[in-house]
Structure formats: structure tokens, C-alpha cells
$ cat data.cif   # mmCIF, C-alpha atoms and all ligand atoms
data_model
#
loop_
_atom_site.label_atom_id
_atom_site.label_comp_id
_atom_site.auth_asym_id
_atom_site.auth_seq_id
_atom_site.Cartn_x
_atom_site.Cartn_y
_atom_site.Cartn_z
CA MET A 930 261.75 146.84 207.48
CA ASN A 931 260.58 144.88 210.48
CA ALA A 932 258.35 146.99 212.75
CA LEU A 933 259.50 144.98 215.75
CA TRP A 934 263.16 145.89 215.28
CA SER A 935 264.78 148.42 217.59
CA ASP A 936 266.33 151.56 216.09
CA MET A 937 269.70 150.02 216.88
CA VAL A 938 269.01 147.01 214.69
CA LYS A 939 267.48 149.13 211.93
CA ARG A 940 270.54 151.34 211.56
CA THR A 941 272.99 148.40 211.70
CA GLU A 942 274.84 147.16 208.64
CA PRO A 943 276.45 143.95 209.91
CA TYR A 944 280.08 143.17 209.14
CA THR A 945 280.58 140.50 206.49
CA PRO A 946 283.22 138.04 207.66
CA GLY A 947 285.56 136.34 205.19
CA GLU A 948 284.11 133.15 203.76
CA GLN A 949 284.77 129.97 205.74
CA VAL A 950 284.93 126.73 203.77
CA ASN A 951 285.50 123.18 204.92
CA GLY A 952 287.55 120.62 203.08
CA GLU A 953 291.24 119.92 202.61
CA GLU A 954 291.04 120.75 198.89
CA TRP A 955 290.64 124.49 199.55
CA ILE A 956 293.56 126.88 199.98
CA LYS A 957 292.28 129.55 202.32
CA LEU A 958 294.13 132.82 202.01
CA ASN A 959 291.16 135.08 202.77
CA THR A 960 290.88 135.63 206.54
CA ASN A 961 294.47 136.18 207.70
CA GLU A 962 294.54 132.97 209.66
CA ASN A 963 297.90 131.48 210.57
CA PRO A 964 298.84 128.50 208.37
CA TYR A 965 300.66 126.74 211.22
CA PRO A 966 299.14 125.00 214.24
CA PRO A 967 299.38 126.61 217.68
CA SER A 968 302.18 125.61 220.06
CA PRO A 969 302.15 121.92 221.08
CA ARG A 970 301.88 123.20 224.66
CA VAL A 971 298.43 124.55 223.78
CA PHE A 972 297.19 121.02 223.02
CA GLU A 973 298.58 119.71 226.31
CA ALA A 974 296.91 122.51 228.23
CA LEU A 975 293.59 121.93 226.44
CA GLN A 976 293.73 118.22 227.22
CA GLN A 977 294.33 118.91 230.87
CA GLU A 978 291.54 121.46 231.09
CA LEU A 979 289.14 119.10 229.31
CA THR A 980 289.60 116.44 231.94
CA SER A 981 289.25 118.70 234.95
CA ASN A 982 287.07 121.75 235.45
CA LEU A 983 284.55 122.13 232.66
CA ARG A 984 281.57 121.91 235.01
CA LYS A 985 282.68 125.15 236.65
CA TYR A 986 282.40 128.68 235.29
CA PRO A 987 285.66 130.20 234.13
CA GLU A 988 287.24 133.12 235.98
CA SER A 989 285.50 136.41 235.37
CA ASN A 990 288.69 138.47 235.51
CA PRO A 991 291.25 135.85 234.42
CA GLU A 992 294.27 136.20 236.65
CA GLU A 993 296.73 133.71 235.20
CA LEU A 994 296.37 134.90 231.62
CA ARG A 995 296.47 138.56 232.65
CA ASN A 996 299.65 137.89 234.62
CA ALA A 997 301.25 136.07 231.69
CA LEU A 998 300.38 138.92 229.31
CA ALA A 999 301.50 141.55 231.83
CA GLU A 1000 304.88 139.86 232.06
CA LEU A 1001 305.14 139.48 228.29
CA HIS A 1002 304.42 143.15 227.68
CA GLN A 1003 306.15 144.54 230.78
CA VAL A 1004 303.02 146.19 232.21
CA SER A 1005 301.05 145.46 235.38
CA ALA A 1006 298.19 142.94 235.42
CA ASP A 1007 295.65 145.67 236.17
CA GLN A 1008 296.58 147.23 232.82
CA VAL A 1009 295.31 144.14 230.95
CA PHE A 1010 291.73 143.38 229.87
CA ILE A 1011 290.88 140.09 228.17
CA GLY A 1012 287.93 139.48 225.86
CA ASN A 1013 286.36 136.96 223.52
CA GLY A 1014 288.44 137.80 220.48
CA SER A 1015 289.64 141.32 219.80
CA ASP A 1016 286.37 142.04 218.00
CA GLU A 1017 284.65 141.87 221.37
CA VAL A 1018 287.35 144.03 222.97
CA LEU A 1019 286.88 146.54 220.13
CA ALA A 1020 283.10 146.57 220.59
CA PHE A 1021 283.45 147.13 224.34
CA SER A 1022 285.99 149.89 223.67
CA PHE A 1023 283.61 151.71 221.34
CA MET A 1024 281.04 151.61 224.15
CA ALA A 1025 283.52 152.56 226.86
CA PHE A 1026 285.41 155.42 225.20
CA PHE A 1027 283.40 156.90 222.31
CA SER A 1028 280.22 158.96 222.64
CA PRO A 1029 277.41 159.38 220.08
CA GLU A 1030 277.58 163.14 219.71
CA LYS A 1031 281.37 163.44 219.31
CA PRO A 1032 282.67 162.28 215.94
CA ILE A 1033 285.52 159.81 215.96
CA LEU A 1034 288.12 159.39 213.20
CA PHE A 1035 289.36 156.29 211.44
CA PRO A 1036 291.02 155.69 208.06
CA ALA A 1037 288.80 155.47 204.97
CA ILE A 1038 290.54 152.21 204.07
CA THR A 1039 290.68 150.09 207.21
CA TYR A 1040 289.19 147.20 209.15
CA SER A 1041 285.56 147.24 208.11
CA PHE A 1042 284.26 146.41 211.57
CA TYR A 1043 284.91 150.02 212.73
CA PRO A 1044 282.09 151.60 210.70
CA THR A 1045 279.85 148.72 211.77
CA TYR A 1046 280.47 149.39 215.47
CA ALA A 1047 280.12 153.13 214.92
CA ALA A 1048 276.68 152.55 213.34
CA LEU A 1049 275.63 150.03 215.98
CA PHE A 1050 276.46 152.37 218.87
CA ASP A 1051 275.27 155.44 216.95
CA ILE A 1052 278.69 157.12 217.09
CA SER A 1053 279.24 159.72 214.40
CA HIS A 1054 282.49 159.37 212.53
CA ALA A 1055 284.63 160.67 209.71
CA ALA A 1056 286.62 158.33 207.47
CA ILE A 1057 289.97 160.02 206.75
CA PRO A 1058 291.35 159.30 203.25
CA LEU A 1059 294.75 157.66 203.08
CA GLN A 1060 297.58 159.39 201.26
CA GLU A 1061 298.24 158.41 197.67
CA ASP A 1062 300.87 155.86 198.74
CA PHE A 1063 298.33 154.36 201.21
CA ASN A 1064 300.13 155.77 204.27
CA LEU A 1065 298.11 157.31 207.08
CA ASP A 1066 297.95 161.10 207.08
CA GLU A 1067 299.10 161.69 210.68
CA LYS A 1068 298.06 165.34 210.87
CA ALA A 1069 294.52 164.56 209.75
CA PHE A 1070 294.09 162.33 212.80
CA CYS A 1071 295.05 165.04 215.33
CA ASN A 1072 292.49 167.20 217.15
CA SER A 1073 289.59 164.78 216.83
CA GLU A 1074 286.45 165.63 218.74
CA GLY A 1075 285.61 162.17 219.96
CA GLY A 1076 288.73 159.99 219.61
CA VAL A 1077 290.61 157.96 217.03
CA ILE A 1078 290.94 154.31 216.10
CA PHE A 1079 293.19 152.68 213.53
CA PRO A 1080 295.05 149.41 213.07
CA ASN A 1081 298.83 149.46 213.09
CA PRO A 1082 299.84 147.97 210.72
CA ASN A 1083 296.72 149.01 208.84
CA ALA A 1084 294.43 146.41 207.32
CA PRO A 1085 294.02 145.56 204.49
CA THR A 1086 297.12 147.46 203.32
CA GLY A 1087 299.65 145.96 205.77
CA ILE A 1088 301.45 149.32 205.95
CA SER A 1089 302.62 150.42 209.38
CA LEU A 1090 302.93 153.85 210.91
CA SER A 1091 306.18 154.65 212.76
CA ILE A 1092 306.17 154.86 216.54
CA ASP A 1093 306.77 158.61 216.25
CA GLY A 1094 303.75 158.89 214.00
CA VAL A 1095 301.64 157.02 216.55
CA ALA A 1096 302.96 159.25 219.36
CA ASN A 1097 302.07 162.36 217.35
CA ILE A 1098 298.49 161.19 216.92
CA VAL A 1099 298.15 160.24 220.59
CA SER A 1100 299.60 163.55 221.79
CA GLY A 1101 297.44 165.41 219.25
CA ASN A 1102 294.33 164.00 220.95
CA ARG A 1103 294.88 164.70 224.66
CA GLY A 1104 291.69 164.09 226.62
CA ARG A 1105 290.27 161.81 223.88
CA THR A 1106 290.93 158.10 223.53
CA VAL A 1107 293.22 156.84 220.79
CA ILE A 1108 292.86 153.11 220.14
CA ILE A 1109 295.62 151.32 218.26
CA ASP A 1110 294.48 147.95 216.96
CA GLU A 1111 297.69 145.90 216.89
CA ALA A 1112 296.12 142.74 215.48
CA TYR A 1113 299.09 142.22 213.12
CA ILE A 1114 301.93 143.90 215.03
CA ASP A 1115 303.86 140.67 215.71
CA PHE A 1116 304.64 140.23 212.01
CA GLY A 1117 307.09 143.13 211.89
CA GLY A 1118 305.58 146.38 213.22
CA VAL A 1119 306.72 148.37 216.25
CA THR A 1120 304.32 148.23 219.17
CA ALA A 1121 303.00 151.37 220.87
CA ILE A 1122 303.03 149.69 224.31
CA PRO A 1123 306.06 151.74 225.56
CA LEU A 1124 304.04 154.91 224.85
CA LEU A 1125 301.69 153.96 227.70
CA GLU A 1126 304.24 155.41 230.11
CA ARG A 1127 303.82 158.81 228.48
CA PHE A 1128 300.13 158.89 227.56
CA ASP A 1129 297.01 158.08 229.57
CA ASN A 1130 294.66 158.36 226.56
CA LEU A 1131 296.10 155.39 224.67
CA LEU A 1132 294.55 151.92 224.44
CA ILE A 1133 296.23 149.08 222.59
CA ILE A 1134 294.21 146.10 221.39
CA ARG A 1135 295.77 142.75 220.49
CA THR A 1136 294.55 139.37 219.32
CA MET A 1137 295.80 135.81 219.64
CA SER A 1138 293.98 134.88 216.42
CA LYS A 1139 296.77 135.74 213.99
CA SER A 1140 300.31 135.48 215.34
CA ARG A 1141 299.42 132.83 217.95
CA SER A 1142 297.26 130.78 215.60
CA LEU A 1143 294.31 130.67 218.01
CA ALA A 1144 291.52 132.18 215.88
CA GLY A 1145 289.29 129.23 216.74
CA LEU A 1146 289.45 129.92 220.47
CA ARG A 1147 288.67 133.66 220.38
CA ILE A 1148 291.13 135.50 222.63
CA GLY A 1149 291.76 139.22 222.38
CA TYR A 1150 293.03 141.73 224.91
CA ALA A 1151 293.57 145.39 225.59
CA ILE A 1152 296.45 147.11 227.34
CA GLY A 1153 296.03 150.59 228.76
CA SER A 1154 295.94 152.63 231.93
CA LYS A 1155 294.30 151.10 235.00
CA ASN A 1156 291.53 153.64 234.58
CA MET A 1157 290.78 152.53 231.01
CA ILE A 1158 290.82 148.87 231.98
CA GLU A 1159 288.29 149.64 234.71
CA ALA A 1160 286.00 151.21 232.09
CA LEU A 1161 286.22 148.06 229.97
CA ASN A 1162 285.45 145.87 232.98
CA ARG A 1163 282.42 148.00 233.80
CA ILE A 1164 281.07 147.38 230.27
CA LYS A 1165 281.90 143.66 230.31
CA ASN A 1166 280.36 143.12 233.73
CA SER A 1167 277.15 144.81 232.58
CA PHE A 1168 276.99 142.42 229.65
CA ASN A 1169 278.38 138.94 230.40
CA SER A 1170 280.54 137.98 233.39
CA TYR A 1171 282.27 135.07 231.68
CA THR A 1172 283.27 136.07 228.19
CA ILE A 1173 286.28 133.75 227.83
CA ASP A 1174 285.84 130.04 228.36
CA ARG A 1175 288.15 127.74 230.29
CA LEU A 1176 289.69 126.13 227.22
CA ALA A 1177 290.61 129.50 225.73
CA LEU A 1178 292.15 130.66 229.00
CA ALA A 1179 294.28 127.53 229.35
CA ALA A 1180 295.38 127.73 225.71
CA GLY A 1181 296.22 131.42 225.97
CA VAL A 1182 298.55 130.90 228.93
CA ALA A 1183 300.28 127.95 227.26
CA SER A 1184 300.80 129.93 224.07
CA VAL A 1185 302.28 132.96 225.85
CA ASN A 1186 304.65 130.68 227.74
CA ASP A 1187 306.08 129.04 224.61
CA LYS A 1188 308.23 131.89 223.34
CA ASP A 1189 310.55 129.83 221.12
CA TYR A 1190 307.71 128.27 219.17
CA PHE A 1191 306.10 131.68 218.72
CA ASN A 1192 309.30 133.31 217.45
CA ASP A 1193 310.00 130.50 214.98
CA MET A 1194 306.47 130.62 213.60
CA ILE A 1195 306.61 134.40 213.12
CA GLN A 1196 309.98 134.18 211.36
CA SER A 1197 308.64 131.55 208.93
CA ILE A 1198 305.66 133.71 208.03
CA ILE A 1199 307.81 136.80 207.54
CA GLN A 1200 310.18 134.88 205.25
CA THR A 1201 307.32 133.49 203.20
CA ARG A 1202 305.78 136.97 202.94
CA GLU A 1203 308.99 138.51 201.60
CA GLN A 1204 309.39 135.70 199.10
CA ALA A 1205 305.73 135.96 198.01
CA LYS A 1206 306.12 139.71 197.48
CA LYS A 1207 308.96 139.10 195.03
CA VAL A 1208 306.98 136.45 193.16
CA PHE A 1209 303.94 138.73 192.82
CA GLU A 1210 306.15 141.52 191.51
CA SER A 1211 307.80 139.19 189.01
CA VAL A 1212 304.44 138.74 187.24
CA GLY A 1213 303.54 142.41 187.18
CA PHE A 1214 301.68 142.97 190.45
CA THR A 1215 302.06 146.10 192.55
CA VAL A 1216 302.49 145.01 196.18
CA LEU A 1217 302.21 147.38 199.14
CA PRO A 1218 305.05 147.16 201.70
CA SER A 1219 303.33 144.95 204.27
CA VAL A 1220 304.55 144.14 207.77
CA ALA A 1221 301.49 141.96 208.40
CA ASN A 1222 300.67 138.35 207.54
CA PHE A 1223 299.03 139.37 204.27
CA LEU A 1224 299.84 141.27 201.09
CA PHE A 1225 297.62 143.80 199.35
CA VAL A 1226 298.19 143.39 195.63
CA HIS A 1227 297.05 144.97 192.40
CA HIS A 1228 297.53 143.91 188.79
CA PRO A 1229 297.40 146.67 186.14
CA GLU A 1230 295.56 144.52 183.59
CA ILE A 1231 293.55 141.91 185.45
CA PRO A 1232 290.46 143.18 187.29
CA ALA A 1233 290.72 142.12 190.93
CA LYS A 1234 287.12 141.00 191.11
CA GLN A 1235 287.61 138.68 188.18
CA LEU A 1236 290.87 137.31 189.55
CA HIS A 1237 289.15 136.66 192.88
CA LYS A 1238 286.45 134.68 191.08
CA SER A 1239 288.86 132.76 188.86
CA LEU A 1240 290.95 131.78 191.88
CA LYS A 1241 287.80 130.67 193.70
CA ASP A 1242 286.92 128.48 190.73
CA LYS A 1243 290.29 126.83 191.36
CA GLN A 1244 289.46 126.40 195.08
CA ILE A 1245 291.64 129.22 196.28
CA LEU A 1246 290.09 131.89 198.47
CA VAL A 1247 291.58 135.38 198.72
CA ARG A 1248 289.78 138.53 199.90
CA HIS A 1249 288.27 141.15 197.62
CA PHE A 1250 286.65 144.27 199.09
CA SER A 1251 284.16 145.81 196.72
CA LYS A 1252 284.30 149.39 198.07
CA PRO A 1253 285.41 151.82 195.30
CA GLU A 1254 288.72 152.66 197.06
CA THR A 1255 289.80 149.02 197.20
CA GLU A 1256 287.98 147.26 194.37
CA GLU A 1257 291.15 147.07 192.24
CA TRP A 1258 293.06 145.22 194.95
CA LEU A 1259 293.17 141.77 196.49
CA ARG A 1260 294.29 140.88 199.99
CA VAL A 1261 296.20 137.63 200.09
CA THR A 1262 296.97 136.00 203.43
CA ILE A 1263 300.41 134.43 203.75
CA GLY A 1264 299.96 130.65 203.85
CA SER A 1265 302.53 127.91 204.38
CA ASP A 1266 305.30 127.60 201.76
CA ASP A 1267 303.45 124.68 200.23
CA GLU A 1268 300.16 126.58 200.04
CA MET A 1269 301.90 129.58 198.48
CA LYS A 1270 303.55 127.33 195.89
CA GLN A 1271 300.17 125.90 194.89
CA PHE A 1272 298.64 129.37 194.93
CA PHE A 1273 301.28 130.80 192.61
CA GLU A 1274 301.01 127.85 190.20
CA LYS A 1275 297.32 128.62 189.77
CA LEU A 1276 297.90 132.36 189.69
CA PHE A 1277 300.54 132.04 186.96
CA GLU A 1278 298.07 130.06 184.82
CA LEU A 1279 295.49 132.83 185.19
CA VAL A 1280 297.94 135.67 184.61
CA GLY A 1281 299.26 133.85 181.52
CA VAL A 1282 295.78 133.31 180.10
CA TRP A 1283 294.74 136.87 180.86
CA THR A 1284 297.81 138.63 179.51
CA ASP A 1285 297.81 136.46 176.35
CA LYS A 1286 294.15 137.30 175.86
CA SER A 1287 294.63 141.00 176.43
CA SER A 1288 297.63 141.19 174.09
CA ALA A 1289 295.52 139.51 171.37
CA TYR A 1290 293.16 142.50 171.27
C1 LIG A 1301 292.50 144.82 212.12
C2 LIG A 1301 291.79 143.70 212.80
N1 LIG A 1301 291.40 143.88 214.08
C3 LIG A 1301 290.77 142.90 214.74
C4 LIG A 1301 290.47 141.69 214.13
C5 LIG A 1301 289.66 140.68 214.90
O1 LIG A 1301 290.40 139.65 215.40
P1 LIG A 1301 289.80 138.61 216.44
O2 LIG A 1301 289.89 137.29 215.80
O3 LIG A 1301 290.66 138.73 217.65
O4 LIG A 1301 288.38 139.01 216.75
C6 LIG A 1301 290.86 141.47 212.82
C7 LIG A 1301 290.53 140.18 212.17
O5 LIG A 1301 290.59 139.97 211.01
C8 LIG A 1301 291.53 142.50 212.13
O6 LIG A 1301 291.88 142.36 210.86
#
$ encode --input "data.cif" --output "C-alpha cells" --more "lines below"
Ligand SMILES: Cc1ncc(COP(=O)(O)O)c(C=O)c1O
Amino acid sequence: MNALWSDMVKRTEPYTPGEQVNGEEWIKLNTNENPYPPSPRVFEALQQELTSNLRKYPESNPEELRNALAELHQVSADQVFIGNGSDEVLAFSFMAFFSPEKPILFPAITYSFYPTYAALFDISHAAIPLQEDFNLDEKAFCNSEGGVIFPNPNAPTGISLSIDGVANIVSGNRGRTVIIDEAYIDFGGVTAIPLLERFDNLLIIRTMSKSRSLAGLRIGYAIGSKNMIEALNRIKNSFNSYTIDRLALAAGVASVNDKDYFNDMIQSIIQTREQAKKVFESVGFTVLPSVANFLFVHHPEIPAKQLHKSLKDKQILVRHFSKPETEEWLRVTIGSDDEMKQFFEKLFELVGVWTDKSSAY
């Protein structure tokens, strides 16, 4: 270990992002990106921004985008905090609301950045096992010492918790922060935003990477009480005054303003997901009931790790998590109809070869 490293670096186990590949020949179903382009209005806004103000710093506390998001979510602009992707908003939230000596709770199967942030900021934590059917055990998340964080719907399962379930967890943690990571909520979950009227210990984090197809521009945001947003601003302004660049800000506003395009895109992805679920099941996969833009699937005979590798050999990327709880499963992002057709053609070949082989033994 490097003697020059700080304790913070030494105890850190960095998050491993999904593999990024270049080239048209790859079908990328491994990082929950949106298969469709962003709204055409985004490209117009980017073009305009490119030809005007790039020599100037962007706004530090972006007013136009906060106003657009406030209107969209029916909250006030001082309840909105914007960051460079929701990963940054999550990192700031760990710093702003969780303390080292008070253990926080998150699900044992969840977004793997949470344990990374907990280690980085030296925050003790307990990973709460999911129930056998992969649902969250609501009661186990009540009465935390230091706060709670979980995605709704959860990742990588895609399963959502009901709004009553969320309310129970928030009310079971009065005086401690409960963070709901709604990265995938637009694909069919029920948002906890209306609960903000009842609870002052709730923070909701969103991203434009998935449902708005803007992963490349890095825009995330949080919605919470004015008091919580002030805490996030205090962290941000002690770190970097300009976390979101001008192009991202312009694109974010344009995307929020194009509601029809957004709704159509979401409907297409939901339809493809439901169709894909049936196709997986028709060749023997177990598929969790996802309301996200991905499916978590398991085949009783084919080891997930091997299937992941065989698909990669055919230039298809899906995500395999090698932790013991999830090593038998694959997470498959919903692509376009055409991508899914190609994916299933290749998958059928592999399933056919594998099941023939296994029946020969
Ligand atoms: C549950 C969850 N939260 C947050 C993120 C981060 O998204 P962003 O691109 O906004 O940093 C992801 C991305 O995969 C995610 O799965």
C-alpha cells in the first residue's frame, strides 16, 4: 500500500462502472442507458448554447433548470438541488446527512455505489437482506441510527416498494434522513415526492441519465425541504462552485420542456420491457417484476457468469454482479425493439446449445 496515500484513499474500494465499448457492432445492454436519443429540442438548445456563452462560467445555482424542475414536480425552486449526475448528488448527500459514528441502512442487494460512498466517508453501515422474493423488508429499515438510503425501484432487481411502504420507512426514521434514489422511477414506479408535504426528513434523488436519455451530459438532482437543499449547497460550495456545465444546463431545460417526447419514449421502453419479460420466460428464465428500464433474470440451468461471457463473445454486453447474492442473475437493460430482437436471437442460440448439452449428460 502506498505510504503517501491518505487513510481515506486506503480504505476506499472504488465503484466499478459498467463496461463502455465503442463501435456500432456492439449491443450494449449493461449500463441502463436509454436506447433512444434525447428530445430533438435538446440538440437545438445545445447548438444555441455552443454558439453563445461558452467563454463564461455557468450559473452556480442554476435558476432556469431549477424552475423547470420545480414546475414539473410541483415543488418550489428552493426545494431543488442540481448536481453533476445523480452520483454526485448522492455523494454530497452522504456528506451532508450521514455521520461516521451512526450506522446507516441500505439493502444488501442494491446500487453498489452506496457501500463505496459509505467507505469513502467512513460511515458505518448495515446491509439489510432482501426478503426471499427480493422485496424490501420495510420493518427492518425503521429505527435506523444514522439514516436510510435505497433506490425505488431497487437496482438491480427493478422491484418497487409501494408509496405506503416508503411512507412507513420515512415515518419510522423521524429525525434521521431517508434518501430515496428514484433513478428509475419514470419507468413505472410511484414517486415519493408528494410525501415531502408530510415529512421533513425525506430527500428524493433523480437523474436525467436514464428516462431522459442524457447520461452523457451528467445531470442529477435532489428534491427535499429547503433546509436539506441548503445543506447540499453548503457541501457543493465548499467543493466546486460550478458543477454543471452550460451545455448540460441548456439540455436539461429543453428536455424537461418536451413532455410529449418524454412520455412517448417512456411508453416505448415500458412496452419493450413487458414483451422482453415474456420472451425470457418462454425460454425458461425467471424474471423479477421490474418497473425499471432493465430486467433481472435467472436461468435454472445456465450459469449467469458463463452466459454473460458467451453473450460478450457475440458482442452483446449485459451486467453480471459477482457478489454471492447476485451471481446467479444477469441484469439486462431494455434496448430498442431492434436491439432486443438481435439480443434474443443470440440468446436463443446459446440457450439451445446449453440445454441440448445439459440434456445429453
Ligand atoms: C440506482 C442508481 N442511482 C444512481 C445512478 C447514477 O446515475 P447518474 O448517471 O445520474 O450518475 C445509477 C446509475 O446507474 C443507478 O443505477
$ closest_atom_pairs --input "data.cif" --of "chain A" --to "ligand LIG 1301 (chain A)" --cutoff "7 Å" --atoms "all atoms listed in the file" --output "tab-separated table"
residue	atom	partner	partner_atom	distance
A:Thr960	CA	A:LIG1301	O5	6.2
A:Asn961	CA	A:LIG1301	O5	6.4
A:Gly1014	CA	A:LIG1301	O3	3.7
A:Ser1015	CA	A:LIG1301	O3	3.5
A:Asp1016	CA	A:LIG1301	O4	3.8
A:Glu1017	CA	A:LIG1301	O4	6.6
A:Tyr1040	CA	A:LIG1301	C1	5.0
A:Pro1080	CA	A:LIG1301	C1	5.3
A:Asn1083	CA	A:LIG1301	C1	6.8
A:Ala1084	CA	A:LIG1301	C1	5.4
A:Asp1110	CA	A:LIG1301	N1	5.9
A:Ala1112	CA	A:LIG1301	N1	5.1
A:Thr1136	CA	A:LIG1301	O3	4.3
A:Met1137	CA	A:LIG1301	O3	6.2
A:Ser1138	CA	A:LIG1301	O2	4.8
A:Ala1144	CA	A:LIG1301	O2	5.4
A:Arg1147	CA	A:LIG1301	O2	6.0
A:Ile1148	CA	A:LIG1301	O3	6.0
A:Gly1149	CA	A:LIG1301	O3	4.9
$ atom_distance --input "data.cif" --atom1 "CA of Lys939 (chain A)" --atom2 "CA of Leu1049 (chain A)"
9.1 Å
$ residues_around --input "data.cif" --residues "Leu1276 (chain A)" --least-positions-apart "3" --cutoff "12 Å" --atoms "only C-alpha atoms" --output "JSON list (two decimals) with C-alpha atoms, in the coordinates of the input"
[["chain", "number", "residue", "atom", "x", "y", "z"],
["A", 1205, "ALA", "CA", 305.73, 135.96, 198.01],
["A", 1208, "VAL", "CA", 306.98, 136.45, 193.16],
["A", 1209, "PHE", "CA", 303.94, 138.73, 192.82],
["A", 1212, "VAL", "CA", 304.44, 138.74, 187.24],
["A", 1213, "GLY", "CA", 303.54, 142.41, 187.18],
["A", 1214, "PHE", "CA", 301.68, 142.97, 190.45],
["A", 1228, "HIS", "CA", 297.53, 143.91, 188.79],
["A", 1231, "ILE", "CA", 293.55, 141.91, 185.45],
["A", 1236, "LEU", "CA", 290.87, 137.31, 189.55],
["A", 1237, "HIS", "CA", 289.15, 136.66, 192.88],
["A", 1238, "LYS", "CA", 286.45, 134.68, 191.08],
["A", 1239, "SER", "CA", 288.86, 132.76, 188.86],
["A", 1240, "LEU", "CA", 290.95, 131.78, 191.88],
["A", 1241, "LYS", "CA", 287.80, 130.67, 193.70],
["A", 1242, "ASP", "CA", 286.92, 128.48, 190.73],
["A", 1243, "LYS", "CA", 290.29, 126.83, 191.36],
["A", 1244, "GLN", "CA", 289.46, 126.40, 195.08],
["A", 1245, "ILE", "CA", 291.64, 129.22, 196.28],
["A", 1246, "LEU", "CA", 290.09, 131.89, 198.47],
["A", 1247, "VAL", "CA", 291.58, 135.38, 198.72],
["A", 1261, "VAL", "CA", 296.20, 137.63, 200.09],
["A", 1269, "MET", "CA", 301.90, 129.58, 198.48],
["A", 1270, "LYS", "CA", 303.55, 127.33, 195.89],
["A", 1271, "GLN", "CA", 300.17, 125.90, 194.89],
["A", 1272, "PHE", "CA", 298.64, 129.37, 194.93],
["A", 1273, "PHE", "CA", 301.28, 130.80, 192.61],
["A", 1279, "LEU", "CA", 295.49, 132.83, 185.19],
["A", 1280, "VAL", "CA", 297.94, 135.67, 184.61],
["A", 1281, "GLY", "CA", 299.26, 133.85, 181.52],
["A", 1282, "VAL", "CA", 295.78, 133.31, 180.10],
["A", 1283, "TRP", "CA", 294.74, 136.87, 180.86],
["A", 1284, "THR", "CA", 297.81, 138.63, 179.51]]
$ residues_around --input "data.cif" --residues "region 1116-1128 of chain A" --least-positions-apart "3" --cutoff "9 Å" --atoms "all atoms listed in the file" --output "ChimeraX atom specification"
/A:1002-1004,1081-1082,1088-1092,1095-1096,1099-1100,1103,1109,1111,1113,1131-1133,1140,1152-1154,1195-1196,1198-1199,1219-1222
$ closest_residue --input "data.cif" --among "A:Ser1028, A:Thr1086, A:Gln949, A:Asn1102" --to "Glu1067 (chain A)" --atoms "only C-alpha atoms"
A:Asn1102
$ atom_distance --input "data.cif" --atom1 "CA of Arg1175 (chain A)" --atom2 "CA of Tyr965 (chain A)"
22.8 Å
